[in-house]
Amino acid sequence: MPEYEDNPAGRLRTLLIELHRTPPNTVAWDATVRVLAPQASASSPEALRAMTRLLELPADIRRAVDALDEDEEEKEHLLEHLDKVETFLANVASRNHILEQVFKVLAAGGDVPNSAAVQSLGTCSRRLHRYSPEPVIPREEVDALIESVTTLMGDIRASSLENAAKILLLHHLHRLLQALDLIRITGAAPVEEGLDAFRGALSRNPEAMQEAEQHGFTERLAAIANTIARLFDISRGIRQLGTETHAVIEQGAHVIEQTRHLLP
């Protein structure tokens, strides 16, 4: 059965399964940081930021389910085992347990992928995918963008740009980089928000844009912005095609059902 990462339940499920592939005697906090922020040390600000955002994922799931056009009983069913996942995440955040210990919250026998909690996340994810999917940027594209943004930031720091322009560019590029780093947890929406904020800041500061152009940075800034915009356009196009296909299938099924009533 297909699984999706275009919603918070799907992203959390994917992270749990990937974490389960880690040696069970690894400290749970350290293992989770390696999955979420491979380049960060376990005690770094980047690790703390990623873990903080991970702990917020269950709340994101609850908000997404609450927005569905479903009755309360069905919503409760979709969230049935989320409390176990929250207990698991709290144990990870305590830094006092190894993976083998914390995974017992989800599956006493160790079969985490087939546990009720993980299966429930899958069910919830498929429902959210059907009714409220988010844009998705492929991981290889995310990695390429992270490399481009990081390299550009280094070149801007080393340049002779005026301080005001340099601070403005680095601030927004850093915000964009953080959104890309956390995309496996938050999804792609913060990346688009960061891009919109960056474009708005540049439009309000023509002097900074002129400085960037004089130092040869505008083409690279535009390339990053255009790549992100293109990836969102592609994702939304695929989503629209999927929605239309689903509607056609449902319409066809309805016609078939109506035809059956006409047959002797």
# chains A, B, ... in the order shown; residues from 1 in each chain; ligands from 1
$ residues_around --residues "range 38-45 of chain A" --least-positions-apart "3" --cutoff "12 Å" --atoms "only C-alpha atoms" --output "list in words"
Val27, Ala28, Trp29, Asp30, Ala31, Thr32, Val33, Arg34, Val35, Leu48, Arg49, Ala50, Met51, Thr52, Ala93, Arg95, Asp143, Ile146, Gln178, Asp181 and Leu182 of chain A
$ write_last_selection --atoms "N, CA, C and O atoms" --output "mmCIF file, in the first residue's frame"
data_model
loop_
_atom_site.group_PDB
_atom_site.id
_atom_site.type_symbol
_atom_site.label_atom_id
_atom_site.label_comp_id
_atom_site.auth_asym_id
_atom_site.auth_seq_id
_atom_site.Cartn_x
_atom_site.Cartn_y
_atom_site.Cartn_z
ATOM 1 N N VAL A 27 21.571 5.393 21.881
ATOM 2 C CA VAL A 27 20.803 6.357 22.675
ATOM 3 C C VAL A 27 19.745 6.981 21.774
ATOM 4 O O VAL A 27 20.038 7.460 20.671
ATOM 5 N N ALA A 28 18.502 6.991 22.234
ATOM 6 C CA ALA A 28 17.383 7.392 21.382
ATOM 7 C C ALA A 28 17.519 8.829 20.878
ATOM 8 O O ALA A 28 17.237 9.117 19.708
ATOM 9 N N TRP A 29 17.949 9.728 21.760
ATOM 10 C CA TRP A 29 18.129 11.131 21.351
ATOM 11 C C TRP A 29 19.150 11.229 20.230
ATOM 12 O O TRP A 29 18.912 11.863 19.195
ATOM 13 N N ASP A 30 20.314 10.595 20.414
ATOM 14 C CA ASP A 30 21.386 10.671 19.420
ATOM 15 C C ASP A 30 20.941 10.086 18.083
ATOM 16 O O ASP A 30 21.223 10.651 17.014
ATOM 17 N N ALA A 31 20.248 8.949 18.136
ATOM 18 C CA ALA A 31 19.789 8.304 16.907
ATOM 19 C C ALA A 31 18.795 9.185 16.164
ATOM 20 O O ALA A 31 18.842 9.299 14.932
ATOM 21 N N THR A 32 17.903 9.828 16.908
ATOM 22 C CA THR A 32 16.897 10.673 16.280
ATOM 23 C C THR A 32 17.532 11.896 15.642
ATOM 24 O O THR A 32 17.149 12.308 14.542
ATOM 25 N N VAL A 33 18.527 12.477 16.307
ATOM 26 C CA VAL A 33 19.234 13.627 15.741
ATOM 27 C C VAL A 33 19.916 13.232 14.438
ATOM 28 O O VAL A 33 19.893 13.989 13.453
ATOM 29 N N ARG A 34 20.508 12.033 14.392
ATOM 30 C CA ARG A 34 21.185 11.600 13.157
ATOM 31 C C ARG A 34 20.211 11.470 12.000
ATOM 32 O O ARG A 34 20.565 11.710 10.846
ATOM 33 N N VAL A 35 18.984 11.088 12.295
ATOM 34 C CA VAL A 35 17.966 10.968 11.247
ATOM 35 C C VAL A 35 17.482 12.347 10.808
ATOM 36 O O VAL A 35 17.333 12.620 9.614
ATOM 37 N N LEU A 48 18.648 20.641 18.671
ATOM 38 C CA LEU A 48 17.570 21.053 19.570
ATOM 39 C C LEU A 48 16.385 21.604 18.783
ATOM 40 O O LEU A 48 15.225 21.312 19.094
ATOM 41 N N ARG A 49 16.666 22.372 17.736
ATOM 42 C CA ARG A 49 15.592 22.921 16.907
ATOM 43 C C ARG A 49 14.813 21.802 16.222
ATOM 44 O O ARG A 49 13.579 21.811 16.193
ATOM 45 N N ALA A 50 15.538 20.823 15.691
ATOM 46 C CA ALA A 50 14.871 19.716 15.005
ATOM 47 C C ALA A 50 14.032 18.884 15.975
ATOM 48 O O ALA A 50 12.897 18.504 15.667
ATOM 49 N N MET A 51 14.570 18.618 17.163
ATOM 50 C CA MET A 51 13.835 17.820 18.136
ATOM 51 C C MET A 51 12.601 18.568 18.637
ATOM 52 O O MET A 51 11.535 17.975 18.837
ATOM 53 N N THR A 52 12.742 19.867 18.846
ATOM 54 C CA THR A 52 11.601 20.670 19.289
ATOM 55 C C THR A 52 10.480 20.609 18.261
ATOM 56 O O THR A 52 9.304 20.428 18.602
ATOM 57 N N ALA A 93 12.982 12.479 24.009
ATOM 58 C CA ALA A 93 13.455 13.808 24.404
ATOM 59 C C ALA A 93 14.090 13.834 25.789
ATOM 60 O O ALA A 93 14.834 14.761 26.114
ATOM 61 N N ARG A 95 16.403 11.950 26.836
ATOM 62 C CA ARG A 95 17.837 11.648 26.650
ATOM 63 C C ARG A 95 18.330 10.544 27.568
ATOM 64 O O ARG A 95 19.533 10.314 27.674
ATOM 65 N N ASP A 143 18.373 18.360 -1.127
ATOM 66 C CA ASP A 143 19.819 18.299 -0.884
ATOM 67 C C ASP A 143 20.572 19.278 -1.790
ATOM 68 O O ASP A 143 21.506 19.955 -1.350
ATOM 69 N N ILE A 146 19.976 22.822 -0.520
ATOM 70 C CA ILE A 146 20.763 23.076 0.692
ATOM 71 C C ILE A 146 22.213 23.393 0.326
ATOM 72 O O ILE A 146 22.817 24.329 0.869
ATOM 73 N N GLN A 178 17.138 26.907 7.073
ATOM 74 C CA GLN A 178 16.503 26.211 8.195
ATOM 75 C C GLN A 178 15.246 25.478 7.748
ATOM 76 O O GLN A 178 14.987 24.343 8.165
ATOM 77 N N ASP A 181 16.300 22.414 5.929
ATOM 78 C CA ASP A 181 16.848 21.423 6.866
ATOM 79 C C ASP A 181 15.747 20.665 7.598
ATOM 80 O O ASP A 181 15.895 19.475 7.906
ATOM 81 N N LEU A 182 14.637 21.343 7.884
ATOM 82 C CA LEU A 182 13.562 20.747 8.676
ATOM 83 C C LEU A 182 12.417 20.210 7.817
ATOM 84 O O LEU A 182 11.380 19.816 8.355
#
$ residues_around --residues "Ala165 in chain A" --least-positions-apart "2" --cutoff "9 Å" --atoms "only C-alpha atoms" --output "list in words"
Leu161, Glu162, Asn163, Ile167, Leu168, Leu169, Leu170, Asn205, Glu207, Ala208, Met209, Glu211 and Ala212 of chain A
$ select_by_dssp --residues "range 36-261 of chain A" --states "helix (DSSP H, G or I)" --output "MDAnalysis selection string"
chainID A and resid 36 45:55 57:66 72:78 82:93 99:105 116:131 139:158 163:181 183:186 189:204 206:214 218:261
$ closest_residue --among "A:Ala197, A:Asp69, A:Glu76, A:Thr186" --to "Glu56 in chain A" --atoms "only C-alpha atoms"
A:Thr186
$ closest_atom_pairs --of "range 124-198 of chain A" --to "range 117-120 of chain A" --cutoff "10 Å" --atoms "only C-alpha atoms" --output "Markdown table"
| residue | atom | partner | partner_atom | distance |
| --- | --- | --- | --- | --- |
| A:Cys124 | CA | A:Ser120 | CA | 6.1 |
| A:Ser125 | CA | A:Ser120 | CA | 8.4 |
| A:Arg126 | CA | A:Ser120 | CA | 10.0 |
$ write_last_selection --atoms "N, CA and C atoms" --output "PDB file, in the first residue's frame"
ATOM      1  N   CYS A 124      -4.126   7.393   8.875  1.00  0.00           N
ATOM      2  CA  CYS A 124      -4.348   8.831   8.967  1.00  0.00           C
ATOM      3  C   CYS A 124      -3.673   9.552   7.795  1.00  0.00           C
ATOM      4  N   SER A 125      -2.468   9.130   7.463  1.00  0.00           N
ATOM      5  CA  SER A 125      -1.728   9.746   6.361  1.00  0.00           C
ATOM      6  C   SER A 125      -2.460   9.586   5.039  1.00  0.00           C
ATOM      7  N   ARG A 126      -2.973   8.406   4.788  1.00  0.00           N
ATOM      8  CA  ARG A 126      -3.679   8.183   3.521  1.00  0.00           C
ATOM      9  C   ARG A 126      -4.939   9.037   3.431  1.00  0.00           C
TER      10      ARG A 126
END
$ closest_residue --among "A:Ile61, A:Ala188, A:Leu68, A:Ala116" --to "Glu141 in chain A" --atoms "only C-alpha atoms"
A:Ala188
$ atom_distance --atom1 "CA of Leu36 in chain A" --atom2 "CA of Leu180 in chain A"
11.5 Å
$ closest_residue --among "A:Ala59, A:Ala223, A:Ile98, A:Val65" --to "Asp83 in chain A" --atoms "only C-alpha atoms"
A:Ala59
$ closest_residue --among "A:Leu12, A:Leu177, A:Ala37, A:Ala64" --to "Ser148 in chain A" --atoms "only C-alpha atoms"
A:Leu177
